[in-house]
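First the structure, in the form of structure tokens, and then the observations on it.
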Amino acid sequence: MSSPPPRRSTRISKTKDNASSEPKAPKAKAASTKKRSMPASPDVDKDEIDEENSSSQKKPRKRVKTTAVVKSARRNAGGKLKLLMDTPVDVVLVIFSHVEPLDLLRLSRTTKALRKLLMSKSSIGVWQSARLGMEGLPPMIEGLNEPQYANLLFDTHCHNCLKTPTKYIIWAVRMRLCKQCLEKGDIMATEMELLRGVEDQWDKAYSLCYITPSFQHGSTTRFHRASHKRLVEESAEMQYGTPEYDDWLMEERKALGFSCQPYEKRETSRTEARAAELASLRRQRLDSIIAHLTEDGWEYELEKSETLEALKAHELVNQPKALTDRSWETINPAVVELMCEMATDAVL
């Protein structure tokens with residue numbers, strides 16, 4: 001007798017039947033990693049949109065940790081400025097009229113509120129009072145307003161690269177330059193650099209150098225390249241050597257010399273006064289050091305001219321700083337070492 005066939009599992013068959021009978025759910029579309037570009041409006045450039053999309057994909061920079069000292073300083077500064085801005089505007093302007101123009105410039109660079117106040121036309125009297133309160137200032141330069149005049153006269157940053165400090169002022173073009181920008185050649189050029197490429201009108205271009213704003217830097221005279229180019233364009237219709245050209249040349253030269261004379265004179269006197277002040281400070285420091293060395297028994301060595309010259313040239317002695325007891329304790333070993341060397345050389 002044959003055995004019955006094995007029973008099939010109904011659970012599996014039901015599961016398969018149910019799975020095959022149920023409708024399949026639609027497959028979800030894979031999320032596209034590409035960012036869909038927005039249609040550009042007619043007022044927006046396509047390059048600007050691409051640049052914005054590319055910049056949005058950049059990783060954000062890590063936030064720099066701010067120390068407690070910096071946070072405290074910011075809180076204190078904000079509190080003081082807040083108290084100032086809570087003061088009535090009329091009172092603030094009266095206070096500001098008694099400060100120097102450079103202080104007004106620095107105040108205008110602290111907050112947006114102060115800048116808006118000091119750069120408004122209603123504050124012109126404050127700038128005038130600050131300027132007139134200083135003695136020996138030359139008159140206002142034509143074409144500059146009060147903040148621009150103060151920036152040129154008192155601030156020390158280079159108008160080309162913003163480097164500080166700078167001391168070279170070309171008054172005729174209302175510009176302050178550092179040494180690197182002055183010697184670069186693209187702003188202030190030598191005579192040969194100006195005449196390069198104009199061989200066909202060399203005499204005319206050479207004569208224009210006499211009325212071009214210039215600056216004497218050491219043994220080299222440098223001319224303002226843009227001003228020379230403007231003069232060449234203005235005189236293009238004039239013939240070199242004619243009475244019309246000579247009269248125009250003379251008028252331009254008079255105007256150039258007259259506009260710069262008071263400012264260059266003030267700058268020269270100011271430079272000389274500062275040099276005299278620094279020389280006086282150096283002399284006082286040397287006298288104080290000599291007095292200390294005399295007390296320590298170096299009087300005989302100090303009578304020798306070689307010792308005095310070596311002492312004057314020492315880097316710790318030749319400084320425009322007052323000598324305090326603490327600074328003398330600091331430089332005493334080096335100065336005594338120098339005196340010992342000079343005494344040894346004298347014996348040998």
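Every chain in the structure tokens takes a letter, A first, then B, and so on in the order presented; its residues are numbered from 1, and the ligands are numbered from 1 following the presented order.
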
For Met250 (chain A), list every protein, DNA or RNA residue within 12 Å, evaluated using only C-alpha atoms, and leave out those in the same chain fewer than 6 positions away; present the list as number ranges by chain. A: 207-208, 210-211, 243-244, 256-257

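Nearest-residue note for Ala322 (chain A): choosing from A:Ala150, A:Cys181, A:Val336, A:Leu281, the minimum distance belongs to A:Leu281, counting only C-alpha atoms.
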
Residues of region 201-279 of chain A that approach region 152-170 of chain A to 8 Å or less, counting only C-alpha atoms: could you list each one with the shortest pair of atoms and its distance in Å to one decimal, rows by chain and increasing residue number, as a tab-separated table?
residue	atom	partner	partner_atom	distance
A:Pro213	CA	A:Ile170	CA	7.6
A:Ser214	CA	A:Ile170	CA	7.2
A:Phe215	CA	A:Ile170	CA	6.4

Those residues you just picked out, can you put them in a file as a short mmCIF file (atom, residue, chain, number, x, y, z; two decimals), in the first residue's frame with N, CA, C and O atoms?
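Now in result-v8.cif:
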data_model
loop_
_atom_site.label_atom_id
_atom_site.label_comp_id
_atom_site.auth_asym_id
_atom_site.auth_seq_id
_atom_site.Cartn_x
_atom_site.Cartn_y
_atom_site.Cartn_z
N PRO A 213 52.78 117.53 -9.90
CA PRO A 213 53.02 117.35 -8.46
C PRO A 213 54.12 116.32 -8.22
O PRO A 213 54.09 115.22 -8.78
N SER A 214 55.08 116.71 -7.40
CA SER A 214 56.25 115.86 -7.18
C SER A 214 56.56 115.77 -5.71
O SER A 214 56.01 116.50 -4.87
N PHE A 215 57.47 114.85 -5.40
CA PHE A 215 57.92 114.65 -4.02
C PHE A 215 59.39 114.27 -4.05
O PHE A 215 59.79 113.38 -4.80
#

Members of region 187-311 of chain A assigned strand (DSSP E) by DSSP, as an mmCIF file with N, CA and C atoms, in the first residue's frame:
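So the final result, stored in part-v2.cif, reads:
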data_model
loop_
_atom_site.group_PDB
_atom_site.id
_atom_site.type_symbol
_atom_site.label_atom_id
_atom_site.label_comp_id
_atom_site.auth_asym_id
_atom_site.auth_seq_id
_atom_site.Cartn_x
_atom_site.Cartn_y
_atom_site.Cartn_z
ATOM 1 N N MET A 188 53.780 107.124 -8.044
ATOM 2 C CA MET A 188 54.803 108.161 -8.140
ATOM 3 C C MET A 188 55.968 107.598 -8.954
ATOM 4 N N ALA A 189 56.252 108.212 -10.074
ATOM 5 C CA ALA A 189 57.266 107.692 -10.999
ATOM 6 C C ALA A 189 58.413 108.677 -11.127
ATOM 7 N N SER A 214 55.079 116.710 -7.398
ATOM 8 C CA SER A 214 56.253 115.860 -7.183
ATOM 9 C C SER A 214 56.564 115.769 -5.706
ATOM 10 N N PHE A 215 57.475 114.851 -5.401
ATOM 11 C CA PHE A 215 57.915 114.648 -4.017
ATOM 12 C C PHE A 215 59.388 114.273 -4.045
ATOM 13 N N GLN A 216 60.171 114.967 -3.232
ATOM 14 C CA GLN A 216 61.604 114.696 -3.156
ATOM 15 C C GLN A 216 61.845 113.596 -2.136
ATOM 16 N N HIS A 217 62.193 112.428 -2.621
ATOM 17 C CA HIS A 217 62.431 111.271 -1.760
ATOM 18 C C HIS A 217 63.911 110.929 -1.810
ATOM 19 N N THR A 220 66.102 111.346 -5.098
ATOM 20 C CA THR A 220 65.267 111.106 -6.277
ATOM 21 C C THR A 220 63.984 111.920 -6.191
ATOM 22 N N THR A 221 63.633 112.570 -7.295
ATOM 23 C CA THR A 221 62.364 113.286 -7.391
ATOM 24 C C THR A 221 61.353 112.394 -8.089
ATOM 25 N N ARG A 222 60.222 112.197 -7.449
ATOM 26 C CA ARG A 222 59.167 111.352 -8.013
ATOM 27 C C ARG A 222 57.948 112.207 -8.340
ATOM 28 N N PHE A 223 57.329 111.926 -9.493
ATOM 29 C CA PHE A 223 56.216 112.710 -9.997
ATOM 30 C C PHE A 223 54.937 111.872 -9.970
ATOM 31 N N HIS A 224 53.829 112.570 -9.774
ATOM 32 C CA HIS A 224 52.528 111.889 -9.741
ATOM 33 C C HIS A 224 52.137 111.512 -11.162
#

So which residues touch Tyr149 (chain A) within 8 Å, counting only C-alpha atoms, skipping near sequence neighbours fewer than 5 positions away, as a ChimeraX atom specification? /A:140-141,144

Hey, can you spit out that residue selection with C-alpha atoms as a short mmCIF file (atom, residue, chain, number, x, y, z; two decimals), in the first residue's frame?
data_model
loop_
_atom_site.label_atom_id
_atom_site.label_comp_id
_atom_site.auth_asym_id
_atom_site.auth_seq_id
_atom_site.Cartn_x
_atom_site.Cartn_y
_atom_site.Cartn_z
CA MET A 140 41.45 124.24 4.40
CA ILE A 141 42.53 122.58 1.17
CA LEU A 144 38.31 118.57 0.63
#

Filtered DSSP result for region 146-337 of chain A, state alpha helix (DSSP H), as a VMD selection string: chain A and resid 146 to 154 179 to 184 191 to 195 202 to 208 225 to 234 243 to 295 299 to 302 305 to 313 325 to 337

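Put simply, CA of Ile95 (chain A) is 12.2 Å away from CA of Leu107 (chain A).
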
Would you list the contacts of region 259-265 of chain A as a CSV table (one decimal) with all heavy atoms, in the first residue's frame, taking every protein, DNA or RNA residue within 9 Å and counting only C-alpha atoms, but skipping same-chain residues closer than 3 positions in sequence?
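Output (around22.csv):
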chain,number,residue,atom,x,y,z
A,137,LEU,N,47.6,125.6,12.3
A,137,LEU,CA,47.1,124.8,11.1
A,137,LEU,C,47.0,125.6,9.9
A,137,LEU,O,46.5,126.8,10.0
A,137,LEU,CB,45.8,124.1,11.5
A,137,LEU,CG,45.7,123.0,12.5
A,137,LEU,CD1,44.4,122.4,12.6
A,137,LEU,CD2,46.7,121.9,12.1
A,138,PRO,N,47.4,125.1,8.7
A,138,PRO,CA,47.1,125.9,7.5
A,138,PRO,C,45.7,125.9,7.1
A,138,PRO,O,44.9,125.1,7.7
A,138,PRO,CB,48.0,125.1,6.5
A,138,PRO,CG,48.1,123.7,7.0
A,138,PRO,CD,48.1,123.9,8.5
A,139,PRO,N,45.2,126.8,6.2
A,139,PRO,CA,43.8,126.8,5.8
A,139,PRO,C,43.4,125.5,5.2
A,139,PRO,O,44.1,124.7,4.8
A,139,PRO,CB,43.7,128.0,4.9
A,139,PRO,CG,45.1,128.2,4.4
A,139,PRO,CD,46.0,127.7,5.5
A,141,ILE,N,42.1,122.9,2.5
A,141,ILE,CA,42.5,122.6,1.2
A,141,ILE,C,41.3,122.6,0.3
A,141,ILE,O,40.3,122.0,0.6
A,141,ILE,CB,43.3,121.2,1.1
A,141,ILE,CG1,44.5,121.2,2.0
A,141,ILE,CG2,43.6,120.9,-0.4
A,141,ILE,CD1,45.3,119.9,2.0
A,142,GLU,N,41.4,123.3,-0.8
A,142,GLU,CA,40.2,123.3,-1.7
A,142,GLU,C,39.9,121.9,-2.3
A,142,GLU,O,40.8,121.2,-2.7
A,142,GLU,CB,40.6,124.3,-2.9
A,142,GLU,CG,39.4,124.5,-3.9
A,142,GLU,CD,39.8,125.5,-5.0
A,142,GLU,OE1,40.9,126.0,-4.9
A,142,GLU,OE2,39.0,125.7,-5.9
A,169,ILE,N,53.6,112.9,2.6
A,169,ILE,CA,52.4,113.5,2.1
A,169,ILE,C,52.7,114.3,0.9
A,169,ILE,O,53.6,115.1,0.8
A,169,ILE,CB,51.8,114.5,3.2
A,169,ILE,CG1,51.6,113.7,4.5
A,169,ILE,CG2,50.5,115.1,2.7
A,169,ILE,CD1,51.0,114.6,5.6
A,170,ILE,N,51.9,114.0,-0.2
A,170,ILE,CA,52.0,114.7,-1.4
A,170,ILE,C,50.9,115.7,-1.5
A,170,ILE,O,49.7,115.3,-1.8
A,170,ILE,CB,52.0,113.8,-2.7
A,170,ILE,CG1,53.2,112.8,-2.6
A,170,ILE,CG2,52.1,114.6,-4.0
A,170,ILE,CD1,53.0,111.5,-1.9
A,171,TRP,N,51.1,116.9,-1.0
A,171,TRP,CA,50.0,117.9,-0.8
A,171,TRP,C,49.3,118.2,-2.1
A,171,TRP,O,48.1,118.4,-2.0
A,171,TRP,CB,50.6,119.1,-0.1
A,171,TRP,CG,51.1,118.9,1.2
A,171,TRP,CD1,52.4,118.8,1.6
A,171,TRP,CD2,50.4,118.7,2.4
A,171,TRP,NE1,52.5,118.5,2.9
A,171,TRP,CE2,51.3,118.5,3.5
A,171,TRP,CE3,49.0,118.7,2.7
A,171,TRP,CZ2,50.9,118.3,4.8
A,171,TRP,CZ3,48.6,118.5,4.0
A,171,TRP,CH2,49.5,118.3,5.0
A,172,ALA,N,49.9,118.3,-3.2
A,172,ALA,CA,49.3,118.7,-4.4
A,172,ALA,C,48.2,117.8,-4.9
A,172,ALA,O,47.3,118.2,-5.5
A,172,ALA,CB,50.3,118.9,-5.5
A,254,LYS,N,52.4,128.3,-11.3
A,254,LYS,CA,52.1,129.2,-10.1
A,254,LYS,C,51.0,128.6,-9.2
A,254,LYS,O,51.1,128.7,-8.0
A,254,LYS,CB,51.6,130.6,-10.7
A,254,LYS,CG,52.7,131.4,-11.3
A,254,LYS,CD,52.1,132.8,-11.8
A,254,LYS,CE,53.2,133.6,-12.4
A,254,LYS,NZ,52.7,134.9,-12.9
A,255,ALA,N,50.0,128.1,-9.8
A,255,ALA,CA,48.9,127.5,-9.0
A,255,ALA,C,49.5,126.3,-8.2
A,255,ALA,O,49.1,126.1,-7.1
A,255,ALA,CB,47.8,127.0,-9.9
A,256,LEU,N,50.3,125.5,-8.8
A,256,LEU,CA,50.9,124.3,-8.1
A,256,LEU,C,51.7,124.8,-6.9
A,256,LEU,O,51.6,124.3,-5.8
A,256,LEU,CB,51.7,123.5,-9.0
A,256,LEU,CG,52.4,122.3,-8.4
A,256,LEU,CD1,51.4,121.3,-7.9
A,256,LEU,CD2,53.3,121.6,-9.4
A,268,THR,N,57.4,120.8,7.3
A,268,THR,CA,58.8,120.9,7.6
A,268,THR,C,59.1,121.3,9.0
A,268,THR,O,59.9,120.8,9.7
A,268,THR,CB,59.4,121.9,6.6
A,268,THR,OG1,59.2,121.4,5.3
A,268,THR,CG2,60.9,122.0,6.8
A,269,SER,N,58.4,122.4,9.5
A,269,SER,CA,58.6,122.9,10.8
A,269,SER,C,58.1,121.8,11.9
A,269,SER,O,58.8,121.7,12.9
A,269,SER,CB,57.8,124.2,11.0
A,269,SER,OG,56.4,123.9,10.8
A,270,ARG,N,57.1,121.1,11.6
A,270,ARG,CA,56.6,120.0,12.5
A,270,ARG,C,57.7,118.9,12.5
A,270,ARG,O,57.9,118.4,13.6
A,270,ARG,CB,55.3,119.5,12.0
A,270,ARG,CG,54.6,118.4,12.9
A,270,ARG,CD,53.2,118.2,12.4
A,270,ARG,NE,52.7,117.0,13.1
A,270,ARG,CZ,52.6,115.8,12.6
A,270,ARG,NH1,53.2,115.6,11.4
A,270,ARG,NH2,52.1,114.8,13.2

Neighbours of Gln319 (chain A) within 6 Å (only C-alpha atoms; same-chain residues fewer than 2 positions away dropped), as a PDB file with all heavy atoms, in the first residue's frame?
ATOM      1  N   ARG A 282      67.001 111.929  23.874  1.00  0.00           N
ATOM      2  CA  ARG A 282      68.202 111.091  23.824  1.00  0.00           C
ATOM      3  C   ARG A 282      69.322 111.683  24.680  1.00  0.00           C
ATOM      4  O   ARG A 282      70.045 110.948  25.373  1.00  0.00           O
ATOM      5  CB  ARG A 282      68.666 110.933  22.381  1.00  0.00           C
ATOM      6  CG  ARG A 282      67.786 110.030  21.529  1.00  0.00           C
ATOM      7  CD  ARG A 282      68.434 109.748  20.191  1.00  0.00           C
ATOM      8  NE  ARG A 282      67.660 108.812  19.386  1.00  0.00           N
ATOM      9  CZ  ARG A 282      66.742 109.158  18.500  1.00  0.00           C
ATOM     10  NH1 ARG A 282      66.503 110.459  18.280  1.00  0.00           N
ATOM     11  NH2 ARG A 282      66.073 108.249  17.822  1.00  0.00           N
ATOM     12  N   VAL A 317      71.299 102.860  24.913  1.00  0.00           N
ATOM     13  CA  VAL A 317      71.512 104.243  25.365  1.00  0.00           C
ATOM     14  C   VAL A 317      70.891 105.231  24.393  1.00  0.00           C
ATOM     15  O   VAL A 317      70.229 106.204  24.788  1.00  0.00           O
ATOM     16  CB  VAL A 317      73.022 104.528  25.538  1.00  0.00           C
ATOM     17  CG1 VAL A 317      73.251 105.975  25.973  1.00  0.00           C
ATOM     18  CG2 VAL A 317      73.618 103.562  26.548  1.00  0.00           C
ATOM     19  N   LYS A 321      63.876 107.911  25.156  1.00  0.00           N
ATOM     20  CA  LYS A 321      63.047 107.543  26.301  1.00  0.00           C
ATOM     21  C   LYS A 321      63.713 108.038  27.580  1.00  0.00           C
ATOM     22  O   LYS A 321      64.937 108.025  27.694  1.00  0.00           O
ATOM     23  CB  LYS A 321      62.879 106.014  26.387  1.00  0.00           C
ATOM     24  CG  LYS A 321      62.173 105.389  25.207  1.00  0.00           C
ATOM     25  CD  LYS A 321      62.093 103.885  25.392  1.00  0.00           C
ATOM     26  CE  LYS A 321      61.436 103.215  24.191  1.00  0.00           C
ATOM     27  NZ  LYS A 321      61.389 101.731  24.358  1.00  0.00           N
TER      28      LYS A 321
END

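Using only C-alpha atoms, the nearest neighbour of Ala275 (chain A) within the list A:Pro320, A:Asp325, A:Trp298, A:Trp202 is A:Pro320.
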